[in-house]
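Asks: Mind having a look at this structure? Questions to follow.
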Protein chains: 2
Amino acid sequence: MNTTLSTDKHSSPLYLQIIDLLVERIRDGAWSPGDLIPSEMKLASELGVSQGTVRTAITALVENRVLIRKQGRGTFVANHDDNRALFHFFHITDNQGNKVLPISEILSFKQKESSRFEAERLNLAADAQVLKIERVRSIAGKPTILETIVLPAASFNGLIDMDPSELPNTLYQLYESSFGITIHSAEEKLRAVIAKTREAKILGVESGTPLLEIERIALTLDKTPVELRVSRLSTKNHYYDTIVS
Amino acid sequence: MNTTLSTDKHSSPLYLQIIDLLVERIRDGAWSPGDLIPSEMKLASELGVSQGTVRTAITALVENRVLIRKQGRGTFVANHDDNRALFHFFHITDNQGNKVLPISEILSFKQKESSRFEAERLNLAADAQVLKIERVRSIAGKPTILETIVLPAASFNGLIDMDPSELPNTLYQLYESSFGITIHSAEEKLRAVIAKTREAKILGVESGTPLLEIERIALTLDKTPVELRVSRLSTKNHYYDTIVS
DNA sequence: AAGTGGTCTAGACCACGTA
DNA sequence: ACGTGGTCTAGACCACTTG
């Protein structure tokens, strides 16, 4: 498998080529989340470069949370189902400033043809099949978030046969373990909306209450959209927080 | 000015000490935003380390947007008043997905004693004086955002004597150029609220309309809060967007 | 041409985890 | 004891900007 780097006069820097190469091995499944990858020294000799050059490439991927370094042990493909990563994707905080992770209850789970909106957001053909999950998420026993999750049926083959009650609280783990789909980043659009009567009833608020709507597109490492999630959150006792720098 | 790095057995890595040292020089005003700092080679010989070690420190600061490298020219202290940085702090997007920068009109500008809430958020004494600016921001000629800005009077000496109509659209530039205060990061809390009658009138929406409330604390490089800003945004034609990765 | 950041090497030693 | 990542050096050459 003579992986060759280009050292032409006008080719890109070696460490950038190495980044691409490592990402490719992860995307193609040669290395899976949680796997230990070869040591910097092994990669260096395999690729015919110095340890420092491999290190530069790996450092960039560590900063992008694609790899994780563990001193004395080795470098691993990031597992996005550990707490750190979970909280990184989860921005709901209570009024005391504590991050909270809500518990889910499935309301419905079905397969259907995608709507125009869903197909557009997930980059699917107009008549593509999608899976649709609706669930309530409760914090401290109180229903707080209403979530609609839409997935391309083609990418989650067999999921529809699962017992809805067996769907885990944190779906991203399931995507990774059962379908080899690792969520690496997400784009979110936030709006203020009014609770519809059904929503208000489920969330236990008065109708007319304002809700924070979070429309999230979850993306894989190569920016393919794999999940559309629309959450409606009562911000009476919680808020959405973010740090911009 | 024999700046000494510690090379004791149990001291922190050199490049971390160099990061602290560089940050200190910026915070103390030895180097100001926009300034060219000494070359990697000069710093290396000044500090008695190799160019590579200085480079590691500078790279970390470049990734944190504290410094900016320009090949062939040198390394500069980041100027947070250029477009890139502005948009990095500004997350409002129209429904077509375009980032927009609204135009401001001052409604009021006064000095007063801080409220409990303001003092707590800005980390001030309970009876500290604050400056309070209220303004409407318009996009495409339509009032869209209502903003209340609270500043510690002590840090912005003389600002209150300015003609409100002369306050610039982008305040962070003013903070930097006139008060030597550079905003480096911000924490934001988002909630959905209902427009009060006065707010609804100003924003030209029906009363009872939901608004997105953004409470922002702007921080300097050493995490000192210097501005509290509460914005209320009509999300009929715009939304707040963010990328999480 | 001179000076800057950008890339890369070969080798050294340290700190940590595992066997 | 050994292999891993973590830090650091001295030196090289390239790419870019300015005088």
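If you're wondering about the labels, chains in the structure tokens are A, B, ... by order shown, residues count from 1 in each chain, ligands from 1 in order shown.
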Show me, as a list in words, the residues that have an atom within 9 Å of DT7 of chain C when counting only C-alpha atoms (C1' of nucleotides), minus same-chain residues fewer than 2 positions from it.
Replies: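 Final neighbour list, sorted by chain and number: Pro13, Leu14, Tyr15 and Thr53 of chain A; DC13 and DC14 of chain D.
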Asks: Would you export the selected residues with N, CA and C atoms (P, O5', C5', C4', C3', O3' and C1' of nucleotides) as a short mmCIF file (atom, residue, chain, number, x, y, z; two decimals), in the first residue's frame, please?
Replies:
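Output file part_5.cif follows:
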```cif
data_model
loop_
_atom_site.label_atom_id
_atom_site.label_comp_id
_atom_site.auth_asym_id
_atom_site.auth_seq_id
_atom_site.Cartn_x
_atom_site.Cartn_y
_atom_site.Cartn_z
N PRO A 13 2.24 21.54 1.17
CA PRO A 13 3.16 21.08 2.21
C PRO A 13 2.88 19.65 2.62
N LEU A 14 3.91 18.95 3.00
CA LEU A 14 3.78 17.55 3.38
C LEU A 14 2.76 17.36 4.49
N TYR A 15 2.79 18.23 5.50
CA TYR A 15 1.90 17.99 6.64
C TYR A 15 0.44 18.13 6.24
N THR A 53 7.18 16.22 11.27
CA THR A 53 6.21 16.53 10.23
C THR A 53 4.89 15.79 10.48
P DC D 13 20.84 24.55 2.32
"O5'" DC D 13 19.37 24.78 1.73
"C5'" DC D 13 18.52 23.66 1.50
"C4'" DC D 13 17.10 24.15 1.42
"C3'" DC D 13 16.89 25.31 0.42
"O3'" DC D 13 15.98 24.89 -0.57
"C1'" DC D 13 15.76 25.71 2.48
P DC D 14 15.63 25.88 -1.82
"O5'" DC D 14 14.08 26.21 -1.56
"C5'" DC D 14 13.21 25.20 -1.07
"C4'" DC D 14 11.88 25.83 -0.71
"C3'" DC D 14 11.39 26.90 -1.70
"O3'" DC D 14 10.02 26.67 -1.99
"C1'" DC D 14 11.46 27.80 0.49
#
```
Asks: Residues of chain A were defined as contacting chain B if any atom lay at most 9 Å from it, counting only C-alpha atoms; please report them as a PyMOL selection string.
Replies: chain A and resi 64-65+88-89+93+184-194+208-213+233-236+238-245
Asks: Identify all chain C residues at most 12 Å from chain A by counting only C-alpha atoms (C1' of nucleotides); ligands do not count. Present them as a ChimeraX atom specification.
Replies: /C:6-11,14-18
Asks: I need the residues from that last selection saved to file as an mmCIF file, in the first residue's frame (with C-alpha atoms (C1' of nucleotides)), if you can.
Replies:
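As a result, result_20.cif now contains:
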```cif
data_model
loop_
_atom_site.group_PDB
_atom_site.id
_atom_site.type_symbol
_atom_site.label_atom_id
_atom_site.label_comp_id
_atom_site.auth_asym_id
_atom_site.auth_seq_id
_atom_site.Cartn_x
_atom_site.Cartn_y
_atom_site.Cartn_z
ATOM 1 C "C1'" DG C 6 6.547 28.541 6.477
ATOM 2 C "C1'" DT C 7 8.216 23.916 6.187
ATOM 3 C "C1'" DC C 8 11.170 20.132 7.286
ATOM 4 C "C1'" DT C 9 14.974 17.321 9.228
ATOM 5 C "C1'" DA C 10 17.755 14.554 12.587
ATOM 6 C "C1'" DG C 11 18.523 14.000 16.813
ATOM 7 C "C1'" DC C 14 11.806 14.233 29.374
ATOM 8 C "C1'" DA C 15 7.160 12.477 31.238
ATOM 9 C "C1'" DC C 16 3.940 9.057 31.223
ATOM 10 C "C1'" DG C 17 1.680 4.435 30.885
ATOM 11 C "C1'" DT C 18 2.153 -0.492 30.337
#
```
Asks: Can you check which residues of chain D have any atom within 9 Å of chain B? Use only C-alpha atoms (C1' of nucleotides) and format it as number ranges by chain.
Replies: D: 7-10, 15-18
Asks: Restricted to C-alpha atoms (C1' of nucleotides), what would the selected residues look like written as a tab-separated table (two decimals), in the first residue's frame?
Replies:
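Printed below is again12.tsv as written:
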```
chain	number	residue	atom	x	y	z
D	7	DT	C1'	9.42	19.52	24.34
D	8	DC	C1'	13.42	21.58	22.37
D	9	DT	C1'	17.51	22.48	19.43
D	10	DA	C1'	20.37	23.85	15.36
D	15	DA	C1'	7.86	31.61	-0.31
D	16	DC	C1'	6.68	36.04	0.27
D	17	DT	C1'	7.16	41.18	0.99
D	18	DT	C1'	9.69	45.28	1.10
```
Asks: Select from segment 52-191 of chain B everything DSSP, run on the backbone, classes as strand (DSSP E or B), then give the selection as a ChimeraX atom specification.
Replies: /B:67-70,74-77,92-94,99,103-113,129-139,142-152,185-191
Asks: Output the selection as a short mmCIF file (atom, residue, chain, number, x, y, z; two decimals), in the first residue's frame - N, CA and C atoms for each residue.
Replies:
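Result file is out-v9.cif:
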```cif
data_model
loop_
_atom_site.label_atom_id
_atom_site.label_comp_id
_atom_site.auth_asym_id
_atom_site.auth_seq_id
_atom_site.Cartn_x
_atom_site.Cartn_y
_atom_site.Cartn_z
N LEU B 67 -2.83 36.90 17.85
CA LEU B 67 -1.83 37.41 16.91
C LEU B 67 -2.23 37.03 15.49
N ILE B 68 -1.66 37.74 14.54
CA ILE B 68 -1.91 37.46 13.13
C ILE B 68 -0.57 37.41 12.41
N ARG B 69 -0.34 36.30 11.67
CA ARG B 69 0.90 36.18 10.92
C ARG B 69 0.70 36.68 9.49
N LYS B 70 1.69 37.40 8.98
CA LYS B 70 1.66 37.79 7.57
C LYS B 70 3.01 37.43 6.96
N GLY B 74 5.65 39.92 8.85
CA GLY B 74 5.88 39.80 10.29
C GLY B 74 4.63 39.33 11.02
N THR B 75 4.68 39.38 12.34
CA THR B 75 3.54 38.96 13.16
C THR B 75 2.98 40.19 13.88
N PHE B 76 1.66 40.31 13.85
CA PHE B 76 1.00 41.51 14.38
C PHE B 76 0.04 41.16 15.51
N VAL B 77 -0.17 42.13 16.40
CA VAL B 77 -1.20 41.96 17.41
C VAL B 77 -2.55 42.12 16.71
N ILE B 92 -25.96 37.27 13.28
CA ILE B 92 -27.29 37.42 12.69
C ILE B 92 -27.24 37.21 11.18
N THR B 93 -28.11 36.36 10.70
CA THR B 93 -28.14 35.99 9.30
C THR B 93 -29.56 36.16 8.79
N ASP B 94 -29.71 36.59 7.54
CA ASP B 94 -31.08 36.70 7.03
C ASP B 94 -31.55 35.35 6.51
N LYS B 99 -24.97 36.87 5.93
CA LYS B 99 -24.64 37.62 7.15
C LYS B 99 -24.96 39.08 6.90
N ILE B 103 -27.42 48.76 10.98
CA ILE B 103 -27.09 50.16 11.25
C ILE B 103 -27.81 50.58 12.53
N SER B 104 -27.12 51.39 13.33
CA SER B 104 -27.65 51.70 14.66
C SER B 104 -28.19 53.11 14.77
N GLU B 105 -29.19 53.26 15.61
CA GLU B 105 -29.68 54.58 15.98
C GLU B 105 -29.80 54.62 17.50
N ILE B 106 -29.15 55.62 18.11
CA ILE B 106 -29.16 55.71 19.57
C ILE B 106 -30.51 56.22 20.06
N LEU B 107 -31.09 55.55 21.02
CA LEU B 107 -32.35 56.00 21.62
C LEU B 107 -32.07 56.79 22.90
N SER B 108 -31.12 56.30 23.72
CA SER B 108 -30.77 57.03 24.94
C SER B 108 -29.36 56.68 25.35
N PHE B 109 -28.77 57.60 26.14
CA PHE B 109 -27.38 57.43 26.57
C PHE B 109 -27.23 58.17 27.89
N LYS B 110 -27.04 57.43 28.97
CA LYS B 110 -26.97 58.10 30.27
C LYS B 110 -26.07 57.35 31.24
N GLN B 111 -25.74 58.04 32.35
CA GLN B 111 -24.96 57.42 33.41
C GLN B 111 -25.87 57.23 34.62
N LYS B 112 -25.69 56.11 35.33
CA LYS B 112 -26.52 55.85 36.50
C LYS B 112 -25.83 54.83 37.41
N GLU B 113 -26.44 54.55 38.52
CA GLU B 113 -25.91 53.53 39.40
C GLU B 113 -26.32 52.16 38.86
N GLN B 129 -20.94 53.05 39.26
CA GLN B 129 -21.60 53.79 38.20
C GLN B 129 -21.44 53.03 36.87
N VAL B 130 -22.50 53.08 36.10
CA VAL B 130 -22.42 52.47 34.76
C VAL B 130 -22.97 53.44 33.71
N LEU B 131 -22.53 53.21 32.48
CA LEU B 131 -23.08 53.95 31.35
C LEU B 131 -24.07 53.03 30.65
N LYS B 132 -25.16 53.60 30.20
CA LYS B 132 -26.20 52.78 29.60
C LYS B 132 -26.60 53.37 28.25
N ILE B 133 -26.48 52.55 27.24
CA ILE B 133 -26.83 52.98 25.89
C ILE B 133 -27.98 52.10 25.41
N GLU B 134 -28.99 52.76 24.89
CA GLU B 134 -30.07 51.98 24.28
C GLU B 134 -30.12 52.35 22.81
N ARG B 135 -30.22 51.35 21.95
CA ARG B 135 -30.25 51.68 20.53
C ARG B 135 -31.08 50.67 19.74
N VAL B 136 -31.54 51.11 18.60
CA VAL B 136 -32.22 50.22 17.65
C VAL B 136 -31.27 49.96 16.51
N ARG B 137 -31.25 48.71 16.06
CA ARG B 137 -30.41 48.40 14.91
C ARG B 137 -31.32 47.97 13.77
N SER B 138 -31.09 48.55 12.61
CA SER B 138 -31.96 48.30 11.46
C SER B 138 -31.22 47.54 10.38
N ILE B 139 -31.95 46.65 9.76
CA ILE B 139 -31.42 45.90 8.62
C ILE B 139 -32.31 46.19 7.43
N LYS B 142 -35.23 48.36 8.06
CA LYS B 142 -36.28 47.96 9.00
C LYS B 142 -35.72 47.69 10.40
N PRO B 143 -36.28 48.35 11.43
CA PRO B 143 -35.81 48.12 12.79
C PRO B 143 -35.95 46.64 13.15
N THR B 144 -34.87 46.03 13.60
CA THR B 144 -34.87 44.59 13.80
C THR B 144 -34.37 44.18 15.18
N ILE B 145 -33.45 44.94 15.73
CA ILE B 145 -32.86 44.57 17.01
C ILE B 145 -32.92 45.75 17.97
N LEU B 146 -33.32 45.46 19.19
CA LEU B 146 -33.31 46.47 20.24
C LEU B 146 -32.21 46.09 21.21
N GLU B 147 -31.30 47.04 21.47
CA GLU B 147 -30.11 46.69 22.24
C GLU B 147 -29.93 47.59 23.44
N THR B 148 -29.63 47.01 24.58
CA THR B 148 -29.25 47.78 25.76
C THR B 148 -27.83 47.41 26.12
N ILE B 149 -26.97 48.43 26.17
CA ILE B 149 -25.55 48.19 26.41
C ILE B 149 -25.17 48.85 27.73
N VAL B 150 -24.52 48.09 28.61
CA VAL B 150 -24.13 48.62 29.91
C VAL B 150 -22.61 48.50 30.07
N LEU B 151 -21.98 49.62 30.42
CA LEU B 151 -20.52 49.66 30.55
C LEU B 151 -20.13 50.18 31.93
N PRO B 152 -19.05 49.66 32.53
CA PRO B 152 -18.56 50.24 33.79
C PRO B 152 -18.03 51.65 33.51
N SER B 185 -13.26 37.93 23.56
CA SER B 185 -14.23 36.84 23.49
C SER B 185 -15.52 37.30 24.14
N ALA B 186 -16.54 36.48 24.07
CA ALA B 186 -17.82 36.85 24.66
C ALA B 186 -18.60 35.59 25.03
N GLU B 187 -19.39 35.70 26.08
CA GLU B 187 -20.28 34.61 26.46
C GLU B 187 -21.70 35.06 26.20
N GLU B 188 -22.48 34.20 25.59
CA GLU B 188 -23.84 34.60 25.24
C GLU B 188 -24.85 33.61 25.81
N LYS B 189 -25.95 34.15 26.31
CA LYS B 189 -27.07 33.33 26.77
C LYS B 189 -28.29 33.72 25.95
N LEU B 190 -28.94 32.69 25.37
CA LEU B 190 -30.07 32.98 24.49
C LEU B 190 -31.37 32.46 25.07
N ARG B 191 -32.39 33.28 24.99
CA ARG B 191 -33.72 32.90 25.46
C ARG B 191 -34.76 33.39 24.47
#
```
Asks: Using DSSP secondary structure from the backbone, list all helix (DSSP H, G or I) positions within segment 92-168 of chain A, as an MDAnalysis selection string.
Replies: chainID A and resid 116:122 153:156 159:161 164:166
